[in-house]
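> So here's data_36.cif, just mmCIF, C-alpha atoms and all ligand atoms:
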data_final
loop_
_atom_site.label_atom_id
_atom_site.label_comp_id
_atom_site.auth_asym_id
_atom_site.auth_seq_id
_atom_site.Cartn_x
_atom_site.Cartn_y
_atom_site.Cartn_z
CA MET Z 1 -19.62 76.30 0.68
CA SER Z 2 -16.19 77.91 0.45
CA SER Z 3 -14.91 76.31 3.62
CA GLN Z 4 -15.48 72.70 2.60
CA VAL Z 5 -12.46 70.40 2.85
CA ASN Z 6 -12.20 68.96 -0.63
CA LEU Z 7 -9.75 66.41 -1.92
CA ASN Z 8 -8.45 66.80 -5.47
CA ALA Z 9 -5.92 65.25 -7.86
CA THR Z 10 -2.98 66.68 -5.85
CA HIS Z 11 -3.91 64.45 -2.87
CA ASP Z 12 -4.03 61.20 -4.88
CA PRO Z 13 -1.89 58.76 -2.85
CA SER Z 14 -0.86 56.91 -6.03
CA LEU Z 15 0.77 60.03 -7.48
CA SER Z 16 4.56 59.74 -7.77
CA SER Z 17 7.30 62.18 -8.77
CA TRP Z 18 10.28 62.06 -11.12
CA VAL Z 19 12.24 63.30 -8.07
CA SER Z 20 12.75 59.72 -6.87
CA THR Z 21 13.52 60.56 -3.19
CA ALA Z 22 9.99 61.97 -2.90
CA ASN Z 23 8.59 58.46 -3.50
CA GLN Z 24 10.50 56.77 -0.66
CA ALA Z 25 8.45 55.42 2.25
CA GLY Z 26 8.69 57.67 5.30
CA CYS Z 27 9.67 60.75 3.28
CA ASP Z 28 8.35 63.98 4.85
CA PHE Z 29 8.02 65.70 1.48
CA PRO Z 30 6.24 63.52 -1.08
CA ILE Z 31 4.51 65.12 -4.08
CA GLN Z 32 1.25 65.30 -2.07
CA ASN Z 33 2.84 67.70 0.45
CA LEU Z 34 4.60 70.60 -1.39
CA PRO Z 35 5.26 72.89 1.63
CA PHE Z 36 6.72 76.42 1.31
CA ALA Z 37 9.88 77.94 2.83
CA VAL Z 38 12.27 80.81 2.17
CA PHE Z 39 15.84 79.71 1.41
CA ARG Z 40 19.17 80.31 -0.36
CA ARG Z 41 22.32 78.25 -0.91
CA LYS Z 42 24.12 77.70 2.40
CA GLY Z 43 26.83 80.26 3.13
CA SER Z 44 26.10 82.22 -0.06
CA ASP Z 45 25.14 85.87 -0.39
CA GLU Z 46 22.29 85.03 -2.78
CA SER Z 47 18.91 86.65 -2.16
CA PHE Z 48 16.51 84.61 -0.11
CA ARG Z 49 13.49 83.46 -2.14
CA GLY Z 50 10.56 81.08 -1.90
CA GLY Z 51 11.00 77.36 -2.35
CA VAL Z 52 8.89 74.20 -2.28
CA ALA Z 53 10.14 70.90 -0.82
CA ILE Z 54 10.06 67.73 -2.93
CA GLY Z 55 11.90 64.68 -1.55
CA ASP Z 56 15.45 65.81 -0.71
CA GLN Z 57 15.26 68.76 -3.14
CA VAL Z 58 13.96 72.33 -3.07
CA VAL Z 59 12.17 73.81 -6.08
CA ASP Z 60 13.65 77.30 -6.45
CA LEU Z 61 10.61 79.47 -7.20
CA ALA Z 62 12.75 82.43 -8.35
CA ALA Z 63 14.27 80.11 -10.96
CA VAL Z 64 10.79 78.87 -11.93
CA LYS Z 65 9.74 82.49 -12.43
CA GLU Z 66 12.82 83.17 -14.62
CA ALA Z 67 12.12 80.05 -16.69
CA ASP Z 68 8.52 81.23 -17.14
CA LEU Z 69 7.20 77.67 -16.71
CA PHE Z 70 3.65 78.41 -15.57
CA SER Z 71 0.81 80.54 -16.86
CA GLY Z 72 -2.22 82.39 -15.51
CA VAL Z 73 -2.79 82.62 -11.75
CA ALA Z 74 0.01 80.09 -11.07
CA SER Z 75 2.45 82.38 -12.87
CA ASP Z 76 1.37 85.39 -10.76
CA ALA Z 77 1.74 83.23 -7.63
CA VAL Z 78 5.27 82.15 -8.61
CA ALA Z 79 6.24 85.80 -9.14
CA ALA Z 80 5.08 86.58 -5.58
CA CYS Z 81 7.01 83.55 -4.25
CA ALA Z 82 10.25 84.71 -5.92
CA GLN Z 83 10.47 87.49 -3.31
CA PRO Z 84 12.48 87.17 -0.06
CA GLN Z 85 9.26 86.98 1.99
CA LEU Z 86 6.03 85.15 1.23
CA ASN Z 87 3.59 87.78 2.58
CA GLU Z 88 2.38 88.85 -0.86
CA PHE Z 89 1.76 85.24 -1.92
CA MET Z 90 -0.02 84.52 1.38
CA ALA Z 91 -2.22 87.60 0.86
CA MET Z 92 -3.28 86.38 -2.61
CA GLY Z 93 -5.65 83.88 -1.04
CA LYS Z 94 -6.84 80.37 -1.56
CA THR Z 95 -7.28 80.33 -5.34
CA ALA Z 96 -3.69 81.42 -5.94
CA TRP Z 97 -2.30 78.94 -3.35
CA SER Z 98 -4.32 76.17 -4.93
CA GLU Z 99 -3.46 77.01 -8.56
CA LEU Z 100 0.27 77.04 -7.79
CA ARG Z 101 -0.01 73.74 -5.91
CA LYS Z 102 -1.80 72.21 -8.90
CA ALA Z 103 0.80 73.49 -11.37
CA LEU Z 104 3.71 72.23 -9.22
CA SER Z 105 2.01 68.87 -8.68
CA GLU Z 106 1.59 68.38 -12.44
CA ALA Z 107 5.11 69.56 -13.27
CA LEU Z 108 6.71 67.31 -10.62
CA SER Z 109 4.64 64.23 -11.51
CA GLU Z 110 6.20 61.20 -13.13
CA GLY Z 111 6.00 61.61 -16.91
CA SER Z 112 5.56 65.41 -16.88
CA ALA Z 113 6.65 67.23 -20.06
CA GLN Z 114 8.12 69.93 -17.77
CA GLN Z 115 10.62 67.55 -16.13
CA ASN Z 116 13.67 68.85 -18.02
CA ALA Z 117 12.89 72.51 -17.50
CA LEU Z 118 11.99 72.07 -13.82
CA SER Z 119 14.94 69.84 -12.93
CA ALA Z 120 17.16 72.84 -13.69
CA CYS Z 121 15.33 74.71 -10.89
CA LEU Z 122 16.14 72.18 -8.12
CA VAL Z 123 18.60 72.78 -5.28
CA ALA Z 124 19.64 69.95 -2.93
CA MET Z 125 18.04 70.44 0.50
CA SER Z 126 21.38 69.53 2.12
CA ASP Z 127 22.86 72.60 0.42
CA VAL Z 128 20.38 75.26 1.62
CA GLU Z 129 19.83 77.56 4.61
CA TYR Z 130 16.50 79.07 5.59
CA ALA Z 131 15.11 82.42 6.68
CA LEU Z 132 11.75 83.24 8.27
CA PRO Z 133 9.12 82.50 5.60
CA CYS Z 134 7.48 85.90 5.92
CA ASN Z 135 7.43 89.11 7.87
CA ILE Z 136 5.47 88.05 10.97
CA GLY Z 137 3.70 91.30 11.80
CA ASP Z 138 1.83 90.10 14.85
CA TYR Z 139 2.05 86.92 16.89
CA THR Z 140 -0.70 85.64 19.19
CA ASP Z 141 -0.18 82.63 21.44
CA PHE Z 142 -3.26 80.59 22.31
CA TYR Z 143 -3.71 78.02 25.09
CA THR Z 144 -5.85 75.41 23.36
CA SER Z 145 -4.83 72.18 25.12
CA ILE Z 146 -7.12 71.62 28.08
CA HIS Z 147 -4.75 68.87 29.27
CA HIS Z 148 -1.85 71.37 29.41
CA ALA Z 149 -4.02 74.10 30.95
CA THR Z 150 -5.27 71.73 33.65
CA SER Z 151 -1.90 70.26 34.64
CA VAL Z 152 -0.16 73.65 34.61
CA GLY Z 153 -3.07 75.21 36.52
CA LYS Z 154 -2.70 72.52 39.21
CA LYS Z 155 0.89 73.58 39.83
CA PHE Z 156 0.05 77.27 40.23
CA ARG Z 157 -3.42 76.80 41.80
CA PRO Z 158 -3.95 73.24 43.17
CA ASP Z 159 -7.57 73.90 44.27
CA ASN Z 160 -8.65 75.71 41.14
CA PRO Z 161 -6.62 74.42 38.16
CA LEU Z 162 -8.88 75.50 35.32
CA LEU Z 163 -10.09 79.11 35.47
CA PRO Z 164 -13.85 79.56 34.84
CA ASN Z 165 -13.38 81.22 31.43
CA TYR Z 166 -11.36 78.34 29.91
CA LYS Z 167 -14.28 76.34 28.48
CA TRP Z 168 -15.90 79.46 26.99
CA VAL Z 169 -13.02 81.56 25.62
CA PRO Z 170 -10.15 80.42 23.37
CA ILE Z 171 -7.58 82.01 25.72
CA GLY Z 172 -4.62 83.82 24.18
CA TYR Z 173 -2.18 86.68 24.69
CA HIS Z 174 -0.32 88.98 22.33
CA GLY Z 175 3.32 87.86 22.01
CA ARG Z 176 6.44 89.40 20.50
CA SER Z 177 7.08 88.54 16.85
CA SER Z 178 10.54 90.20 16.93
CA SER Z 179 12.09 87.25 18.80
CA ILE Z 180 10.69 84.50 16.54
CA GLU Z 181 13.58 82.85 14.73
CA ILE Z 182 14.07 80.03 12.25
CA SER Z 183 15.13 76.48 13.21
CA GLY Z 184 18.83 76.21 14.06
CA SER Z 185 19.04 79.60 15.79
CA SER Z 186 20.63 79.10 19.19
CA PHE Z 187 19.84 81.57 21.99
CA LYS Z 188 21.25 82.61 25.35
CA ARG Z 189 19.55 81.57 28.56
CA PRO Z 190 17.53 84.63 29.62
CA LYS Z 191 18.06 86.56 32.83
CA GLY Z 192 15.32 88.14 34.85
CA GLN Z 193 13.49 88.59 38.12
CA THR Z 194 12.37 85.48 39.96
CA LYS Z 195 11.03 84.82 43.42
CA ALA Z 196 11.09 81.45 45.17
CA PRO Z 197 7.86 80.76 47.08
CA THR Z 198 9.76 80.83 50.39
CA ALA Z 199 11.77 83.99 49.63
CA THR Z 200 10.60 87.32 50.98
CA GLU Z 201 11.97 89.31 48.02
CA PRO Z 202 12.68 88.55 44.36
CA SER Z 203 16.22 88.18 43.03
CA PHE Z 204 17.84 88.77 39.64
CA GLY Z 205 19.86 86.28 37.60
CA PRO Z 206 19.85 83.61 34.88
CA CYS Z 207 16.62 81.63 34.51
CA LYS Z 208 16.81 78.32 36.47
CA ARG Z 209 13.64 76.76 35.07
CA LEU Z 210 14.05 77.02 31.30
CA ASP Z 211 11.44 75.02 29.39
CA TYR Z 212 10.21 74.34 25.87
CA GLU Z 213 6.59 74.29 24.64
CA LEU Z 214 5.52 71.88 21.89
CA GLU Z 215 3.21 73.93 19.68
CA VAL Z 216 1.82 74.21 16.18
CA GLY Z 217 2.39 77.54 14.42
CA ILE Z 218 -0.53 78.79 12.29
CA PHE Z 219 0.06 81.30 9.48
CA VAL Z 220 -2.63 83.76 8.44
CA GLY Z 221 -3.02 84.10 4.68
CA LYS Z 222 -5.52 86.67 3.45
CA GLY Z 223 -6.29 89.19 6.21
CA ASN Z 224 -9.48 91.05 7.11
CA VAL Z 225 -10.42 94.71 7.28
CA LEU Z 226 -10.42 96.31 10.75
CA GLY Z 227 -13.96 96.18 12.09
CA GLU Z 228 -15.01 93.21 9.93
CA PRO Z 229 -14.87 89.89 11.81
CA ILE Z 230 -14.13 86.60 10.02
CA SER Z 231 -16.98 84.16 10.59
CA ILE Z 232 -16.12 80.61 11.59
CA ASP Z 233 -17.39 79.35 8.22
CA ASN Z 234 -15.03 81.67 6.34
CA ALA Z 235 -12.07 81.12 8.67
CA GLU Z 236 -10.52 78.48 6.45
CA ASP Z 237 -10.09 80.95 3.58
CA HIS Z 238 -7.74 82.97 5.81
CA VAL Z 239 -5.39 80.22 7.01
CA PHE Z 240 -2.38 79.61 4.75
CA GLY Z 241 -0.70 76.76 6.58
CA LEU Z 242 0.91 75.25 9.65
CA CYS Z 243 4.45 74.73 10.97
CA LEU Z 244 6.16 73.41 14.10
CA PHE Z 245 6.69 75.93 16.86
CA ASN Z 246 8.81 75.84 20.03
CA ASP Z 247 7.69 78.56 22.41
CA TRP Z 248 10.63 78.63 24.87
CA SER Z 249 9.51 79.59 28.37
CA ALA Z 250 11.29 80.75 31.53
CA ARG Z 251 9.04 79.20 34.19
CA ASP Z 252 10.60 80.94 37.18
CA ILE Z 253 10.33 84.38 35.53
CA GLN Z 254 6.77 83.50 34.42
CA GLY Z 255 5.67 82.46 37.92
CA TRP Z 256 6.64 85.85 39.37
CA GLU Z 257 5.49 88.15 36.53
CA TYR Z 258 2.35 86.53 35.10
CA GLN Z 259 -0.29 88.14 37.29
CA PRO Z 260 -2.29 90.21 36.52
CA LEU Z 261 -1.55 90.74 32.80
CA GLY Z 262 -0.09 87.40 31.67
CA PRO Z 263 3.29 86.27 30.32
CA PHE Z 264 5.81 88.95 29.30
CA LEU Z 265 9.62 88.53 29.55
CA SER Z 266 9.26 84.82 30.34
CA LYS Z 267 8.32 84.29 26.67
CA SER Z 268 9.78 87.12 24.59
CA PHE Z 269 13.47 86.09 24.69
CA ALA Z 270 13.15 83.40 21.96
CA SER Z 271 10.65 81.34 19.96
CA THR Z 272 11.65 79.02 17.12
CA ILE Z 273 9.73 77.81 14.05
CA SER Z 274 10.38 75.06 11.51
CA PRO Z 275 11.30 76.36 8.03
CA TRP Z 276 8.55 74.58 6.08
CA ILE Z 277 4.93 75.77 6.11
CA VAL Z 278 2.62 72.86 5.26
CA THR Z 279 -0.43 74.30 3.53
CA THR Z 280 -3.93 73.65 4.81
CA GLU Z 281 -4.71 72.19 1.38
CA ALA Z 282 -1.96 69.55 1.80
CA LEU Z 283 -3.46 68.68 5.21
CA ALA Z 284 -6.99 68.13 3.83
CA PRO Z 285 -6.80 64.28 4.08
CA TYR Z 286 -5.94 64.65 7.79
CA ARG Z 287 -8.88 66.79 8.86
CA THR Z 288 -10.92 65.07 11.55
CA ALA Z 289 -14.11 65.62 13.50
CA TRP Z 290 -14.02 68.02 16.42
CA THR Z 291 -16.08 67.17 19.47
CA ARG Z 292 -16.96 68.90 22.70
CA ASP Z 293 -17.76 66.76 25.74
CA GLU Z 294 -21.53 66.85 26.30
CA ASN Z 295 -20.97 67.75 29.97
CA ASP Z 296 -18.96 70.84 29.00
CA PRO Z 297 -20.43 74.18 27.87
CA GLN Z 298 -21.06 74.07 24.13
CA PRO Z 299 -19.44 76.82 22.02
CA MET Z 300 -21.28 80.12 21.60
CA ASP Z 301 -22.84 80.61 18.16
CA TYR Z 302 -19.88 82.52 16.71
CA LEU Z 303 -17.59 79.58 17.60
CA GLU Z 304 -19.96 76.87 16.33
CA SER Z 305 -20.47 75.42 12.86
CA ALA Z 306 -21.36 72.10 11.24
CA HIS Z 307 -18.16 72.23 9.19
CA ASN Z 308 -16.08 72.77 12.33
CA ARG Z 309 -17.78 69.75 13.95
CA GLU Z 310 -17.22 67.56 10.88
CA SER Z 311 -13.62 68.42 10.07
CA GLY Z 312 -12.34 71.27 12.24
CA ALA Z 313 -9.50 69.28 13.81
CA TYR Z 314 -6.11 68.26 12.37
CA ASP Z 315 -4.64 64.80 12.96
CA ILE Z 316 -0.97 65.81 13.32
CA GLN Z 317 1.41 63.67 15.38
CA LEU Z 318 3.90 65.72 17.36
CA GLN Z 319 7.14 64.64 19.03
CA VAL Z 320 9.81 66.23 21.26
CA LEU Z 321 13.39 64.94 21.34
CA LEU Z 322 16.34 66.05 23.48
CA GLU Z 323 20.05 65.95 22.63
CA THR Z 324 22.27 66.96 25.55
CA GLU Z 325 25.85 68.18 25.21
CA LYS Z 326 27.07 64.80 26.55
CA MET Z 327 24.96 62.88 24.04
CA ARG Z 328 26.36 65.02 21.24
CA ALA Z 329 29.95 64.44 22.41
CA GLU Z 330 29.35 60.68 22.62
CA LYS Z 331 27.48 60.63 19.28
CA GLN Z 332 24.28 59.26 20.79
CA ALA Z 333 20.97 59.78 18.98
CA PRO Z 334 18.53 62.31 20.47
CA THR Z 335 16.07 60.74 22.91
CA GLN Z 336 12.28 61.14 22.81
CA LEU Z 337 10.74 63.09 25.70
CA SER Z 338 7.11 62.95 24.62
CA GLN Z 339 4.63 62.54 21.80
CA SER Z 340 1.14 64.02 21.36
CA ASN Z 341 -1.44 64.87 18.69
CA PHE Z 342 -2.91 68.22 17.62
CA ASN Z 343 -6.37 66.62 17.37
CA ASP Z 344 -6.60 66.61 21.19
CA SER Z 345 -6.85 70.41 21.11
CA TYR Z 346 -9.89 71.85 22.95
CA TRP Z 347 -10.35 74.60 20.33
CA THR Z 348 -9.79 74.41 16.55
CA VAL Z 349 -7.85 76.71 14.24
CA ASN Z 350 -11.15 77.99 12.79
CA GLN Z 351 -12.38 78.84 16.28
CA MET Z 352 -9.10 80.69 16.97
CA VAL Z 353 -9.59 82.80 13.80
CA ALA Z 354 -13.27 83.51 14.55
CA HIS Z 355 -12.55 84.41 18.16
CA HIS Z 356 -9.51 86.57 17.37
CA THR Z 357 -11.51 88.72 14.94
CA VAL Z 358 -14.96 88.74 16.60
CA ASN Z 359 -14.26 92.17 18.12
CA GLY Z 360 -13.24 93.49 14.69
CA CYS Z 361 -9.47 92.95 15.19
CA ASN Z 362 -7.74 92.77 11.82
CA LEU Z 363 -5.38 89.93 10.91
CA ARG Z 364 -2.75 90.48 8.24
CA ALA Z 365 -1.01 88.12 5.84
CA GLY Z 366 1.97 86.57 7.61
CA ASP Z 367 0.60 86.95 11.15
CA MET Z 368 1.23 83.86 13.24
CA PHE Z 369 -0.71 82.10 15.98
CA GLY Z 370 0.81 79.64 18.41
CA SER Z 371 -1.60 76.83 19.26
CA GLY Z 372 -0.46 76.72 22.89
CA THR Z 373 1.41 73.73 24.30
CA GLN Z 374 -0.10 70.56 22.86
CA SER Z 375 -0.29 68.05 25.70
CA GLY Z 376 -2.43 64.93 25.34
CA PRO Z 377 -4.64 63.28 27.98
CA ASN Z 378 -1.88 60.93 29.22
CA PRO Z 379 1.12 62.05 31.33
CA GLU Z 380 3.64 60.82 28.72
CA GLU Z 381 1.95 63.12 26.18
CA ALA Z 382 2.98 66.29 28.05
CA GLY Z 383 4.28 69.04 25.77
CA SER Z 384 6.55 70.76 28.32
CA MET Z 385 9.13 69.83 30.99
CA LEU Z 386 7.04 71.66 33.59
CA GLU Z 387 4.54 68.83 33.19
CA LEU Z 388 6.99 65.95 32.56
CA SER Z 389 9.02 66.73 35.71
CA ASN Z 390 5.98 67.70 37.78
CA ALA Z 391 7.18 71.29 38.18
CA GLY Z 392 10.73 70.14 38.81
CA SER Z 393 9.90 67.72 41.64
CA GLU Z 394 10.36 64.48 39.64
CA PRO Z 395 13.54 64.46 37.53
CA ILE Z 396 13.41 62.70 34.15
CA THR Z 397 16.18 60.09 33.72
CA LEU Z 398 17.54 59.94 30.17
CA PRO Z 399 18.78 56.66 28.58
CA ASN Z 400 22.44 57.65 29.23
CA GLY Z 401 21.76 58.20 32.95
CA GLU Z 402 21.66 62.00 32.81
CA GLN Z 403 18.75 63.68 34.59
CA ARG Z 404 16.67 66.73 33.78
CA THR Z 405 13.99 68.73 35.54
CA PHE Z 406 14.37 71.73 33.22
CA LEU Z 407 16.75 72.48 30.32
CA GLU Z 408 20.49 72.85 30.86
CA ASP Z 409 23.03 74.80 28.80
CA GLY Z 410 24.08 72.81 25.73
CA ASP Z 411 20.69 71.09 25.40
CA ASN Z 412 19.35 70.90 21.85
CA VAL Z 413 15.56 70.47 21.65
CA ILE Z 414 14.15 68.96 18.47
CA MET Z 415 10.46 68.83 17.54
CA LYS Z 416 8.99 66.79 14.72
CA GLY Z 417 5.51 66.54 13.24
CA TRP Z 418 3.85 64.30 10.67
CA CYS Z 419 0.51 62.96 9.46
CA GLU Z 420 0.08 59.31 8.58
CA LYS Z 421 -2.87 57.01 7.93
CA PRO Z 422 -3.84 54.22 5.54
CA GLY Z 423 -5.13 55.45 2.19
CA ALA Z 424 -3.33 58.80 2.22
CA ALA Z 425 0.22 59.95 1.57
CA ARG Z 426 2.37 60.75 4.61
CA ILE Z 427 2.62 64.52 5.11
CA GLY Z 428 5.68 65.57 7.14
CA PHE Z 429 6.62 68.90 8.70
CA GLY Z 430 10.37 68.23 8.93
CA PHE Z 431 11.68 69.48 12.26
CA VAL Z 432 12.50 72.52 14.36
CA GLU Z 433 15.57 72.57 16.62
CA ALA Z 434 17.53 75.08 18.67
CA LEU Z 435 20.38 74.99 21.16
CA VAL Z 436 20.43 76.57 24.65
CA LEU Z 437 23.55 78.67 25.21
CA PRO Z 438 24.77 79.82 28.64
CA ALA Z 439 23.53 83.16 29.99
CA GLU Z 440 25.90 86.01 29.26
MN MN Z 501 3.14 79.06 24.43
#
Can you turn what I pasted into C-alpha cells?

Amino acid sequence: MSSQVNLNATHDPSLSSWVSTANQAGCDFPIQNLPFAVFRRKGSDESFRGGVAIGDQVVDLAAVKEADLFSGVASDAVAACAQPQLNEFMAMGKTAWSELRKALSEALSEGSAQQNALSACLVAMSDVEYALPCNIGDYTDFYTSIHHATSVGKKFRPDNPLLPNYKWVPIGYHGRSSSIEISGSSFKRPKGQTKAPTATEPSFGPCKRLDYELEVGIFVGKGNVLGEPISIDNAEDHVFGLCLFNDWSARDIQGWEYQPLGPFLSKSFASTISPWIVTTEALAPYRTAWTRDENDPQPMDYLESAHNRESGAYDIQLQVLLETEKMRAEKQAPTQLSQSNFNDSYWTVNQMVAHHTVNGCNLRAGDMFGSGTQSGPNPEEAGSMLELSNAGSEPITLPNGEQRTFLEDGDNVIMKGWCEKPGAARIGFGFVEALVLPAE
C-alpha cells in the first residue's frame, strides 16, 4: 500500500556524515534528518534558493544543480529546489522527495566519493538568513488538541466546554496566509475592538491579552483536483513535511469577535513558522499508534483506516520558552513555559487531509495547515498563556521574579521541537522565535 510507513537506508541510526557536526549528540540536523528551507547568505542580495540542513551547514541546492552532481529524478528535484520557492519541488510528489533524500544521504555519508564536490556547496548555517519556504497559497488552522479545546472552552463556556461536534469533526477555520512570516520576524502588538464582560460597550485600542499558540505546521505536497477528495489511505502521499508554528492570538479581540463565524482579526495580524521543513519521510521512525477512547464516538468511515490506527500519530516533543526584555538585558537564558507532545492530538494529519478534501475542496502544493494549539493532558503541558495563567487570573512567576498573565512588549517567544528515542537518530526541528513590539 502506498501509504505504508517504511524505513530505509536513510534512517539507519548508524549512518554518519563527513560533516562532523552532524554526528554530535543532540544535533538537530544529523544525516537522518535532511530538512528543507529557503535561504541566502545573511545581508547579501543573492537570490533565495532551497537548502538542506546537515549539522551546522546548509547544502546549497542551487550550487548542487550547477555542479550537476545527481542524475535522474534526483537531478530534476534539485533543479526544482534551486528556485526561490519550493512549491514546484513539493508538487513533484513522494518519489521525487524520496529520490533526492536518498541521493543527499549517500553524498553526505562518511566515505562518499562526492565529498569533495559537495563540500564546495556548503554554507555555514551561522552565515545564512531564511525566507518562507514556499508560496503558502492557503492556510487552514485546525483545533486538534482536545485538552486545549476543553480548557479553552471552560473559560468561554464553563457549563459546556466541548461543543457537541468536537468528537466528530476535525474542527478548523480558514486563516490568512499573507501574515505568515519566517522565524525572527518581529511584529507590532495589534489594535482592535474588545469588550470587557462588565462593560456595556466595546472599546478600541492595543490588545491587552496577547498570547502565543504552540502548533505544528503541516505542508501540503502534491495537491488534488477540485471535486476529487483525498482518501485517508492516500493522505500520506500529499503531505510534504512539518515545521514549528506559532499562531499568535489576541484573546481579548477574539473573545468579542469570534461568534458566530470564528476567529478573524484576533489571528490575522501575525503567525510565525520555523525555517526548516522536516519531511514526513525523515519522521518515519517516530510514527506511533493513534487511539480513540472506547467511550468516545469512533471516527466515521472516511476518517478511519488501519494504517491511521497503526501509525497515524507523530511522536514530536514540543517546548515553549520565553525571553523577556529584562532577561535579555541581564543576559539570562530563556525560561521554559511548557512542554507537550504532538502524539496527544485528538485527530491525525491524515484525518485532517481526508476531512479537508471530503467535500471536494482542492489542496495545492505549499498550502499549510496549523495543527491547533498542542496542549497535553496535564496543566503544565498547556500550549498557550490563556491556559497557563487560567485566562489571566493566575499570573505565572518567572525565575527572575517577573510575572506574566499574557505577553508584554519586548517578550521574545521561542518554540522548539524534536524527536528522540532509543534505536533511532534524533530528528530536530530547530526553533521558531519572534519578538513582540509595542503597538504603534
Ligand atoms: Mn491556532
> Given all atoms listed in the file as the basis, pick out the residue of Z:Phe70, Z:Phe369, Z:Phe342, Z:Tyr166 nearest to ligand MN 501 (chain Z).
Z:Phe369
> Taking all atoms listed in the file into account, which residues have an atom no farther than 6 Å from ligand MN 501 (chain Z)? I'd like them as a PyMOL selection string.
chain Z and resi 141+213+247+372-373
> Can you spit out the residues from that selection as a tab-separated table (two decimals), keeping the file's coordinate frame, using C-alpha atoms?

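Okay, this is what ended up in selection.tsv:
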chain	number	residue	atom	x	y	z
Z	141	ASP	CA	-0.18	82.63	21.44
Z	213	GLU	CA	6.59	74.29	24.64
Z	247	ASP	CA	7.69	78.56	22.41
Z	372	GLY	CA	-0.46	76.72	22.89
Z	373	THR	CA	1.41	73.73	24.30
> Any idea what the distance is between atom CA of Ala117 of chain Z and atom CA of Leu69 of chain Z?
7.7 Å
> Can you tell me, as a list in words, what residues are no more than 8 Å from Ser231 of chain Z when counting all atoms listed in the file, ignoring any on the same chain fewer than 5 positions away?
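In the requested form, the answer reads Tyr302, Ala354 and Val358 of chain Z.
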> I need the residue nearest Lys421 of chain Z from this list: Z:Leu283, Z:Ile171, Z:Val58, Z:Ala333. Use all atoms listed in the file for the distance.
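The shortest atom-to-atom distance to Lys421 of chain Z comes from Z:Leu283.
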> At a cut-off of 7 Å from (6.0, 62.5, -4.9) in the coordinates of the file, what residues are picked up using all atoms listed in the file, written as a PyMOL selection string?
chain Z and resi 15-17+22-23+30-32+54+109
> Which one is closest to Ser311 of chain Z: Z:His174, Z:Arg287, Z:His148, Z:Lys188? Count all atoms listed in the file.
Z:Arg287
> Here is a test: counting all atoms listed in the file, which residue of Z:Val216, Z:Ile277, Z:Ala196, Z:Leu261 is nearest to Asp315 of chain Z?
Z:Val216
> Which residues, written as a list in words, have at least one atom at most 7 Å from Ala391 of chain Z, with only C-alpha atoms counted and residues fewer than 3 positions away on the same chain left out?
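Skipping anything fewer than 3 positions along the chain leaves Lys155, Leu386 and Glu387 of chain Z.
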> Quick one: write out the picked residues with C-alpha atoms as a compact mmCIF listing (two decimals), in the frame of the given file?

# COMPACT_ATOMS: atom_id res chain seq x y z
CA LYS Z 155 0.89 73.58 39.83
CA LEU Z 386 7.04 71.66 33.59
CA GLU Z 387 4.54 68.83 33.19
> Here is a test: counting all atoms listed in the file, which residue of Z:Leu210, Z:Ala282, Z:Ala425, Z:Ala67 is nearest to Arg101 of chain Z?
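Comparing Z:Leu210, Z:Ala282, Z:Ala425, Z:Ala67 against Arg101 of chain Z, the winner is Z:Ala282.
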> Extract, using all atoms listed in the file, all DNA, RNA and protein residues at most 8 Å from Gln254 of chain Z, discarding same-chain residues fewer than 6 positions from it, and format them as a ChimeraX atom specification.
/Z:263-267
> Write out as a ChimeraX atom specification which residues come within 9 Å of Asp411 of chain Z when counting all atoms listed in the file, dropping same-chain ones fewer than 4 positions away.
/Z:322-325,407,434-437
> Z:Glu181, Z:Glu110, Z:Glu281, Z:Glu129: which is nearest Glu433 of chain Z, counting all atoms listed in the file?
Z:Glu181
> If you measure from atom CA of Glu304 of chain Z to atom CA of Asn350 of chain Z, what distance in Å do you get, rounded to one decimal?
9.6 Å
> By how many Å are atom CA of Gly417 of chain Z and atom CA of Gln336 of chain Z apart?
12.9 Å
> Please provide as a list in words all residues within 10 Å of Thr150 of chain Z, with the sequence filter that same-chain residues fewer than 2 positions apart are discarded (counting all atoms listed in the file).
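Listed by chain and then number, they are Ser145, Ile146, His147, His148, Val152, Gly153, Lys154, Lys155, Arg157, Pro158, Asn160, Pro161, Leu162, Leu163 and Tyr166 of chain Z.
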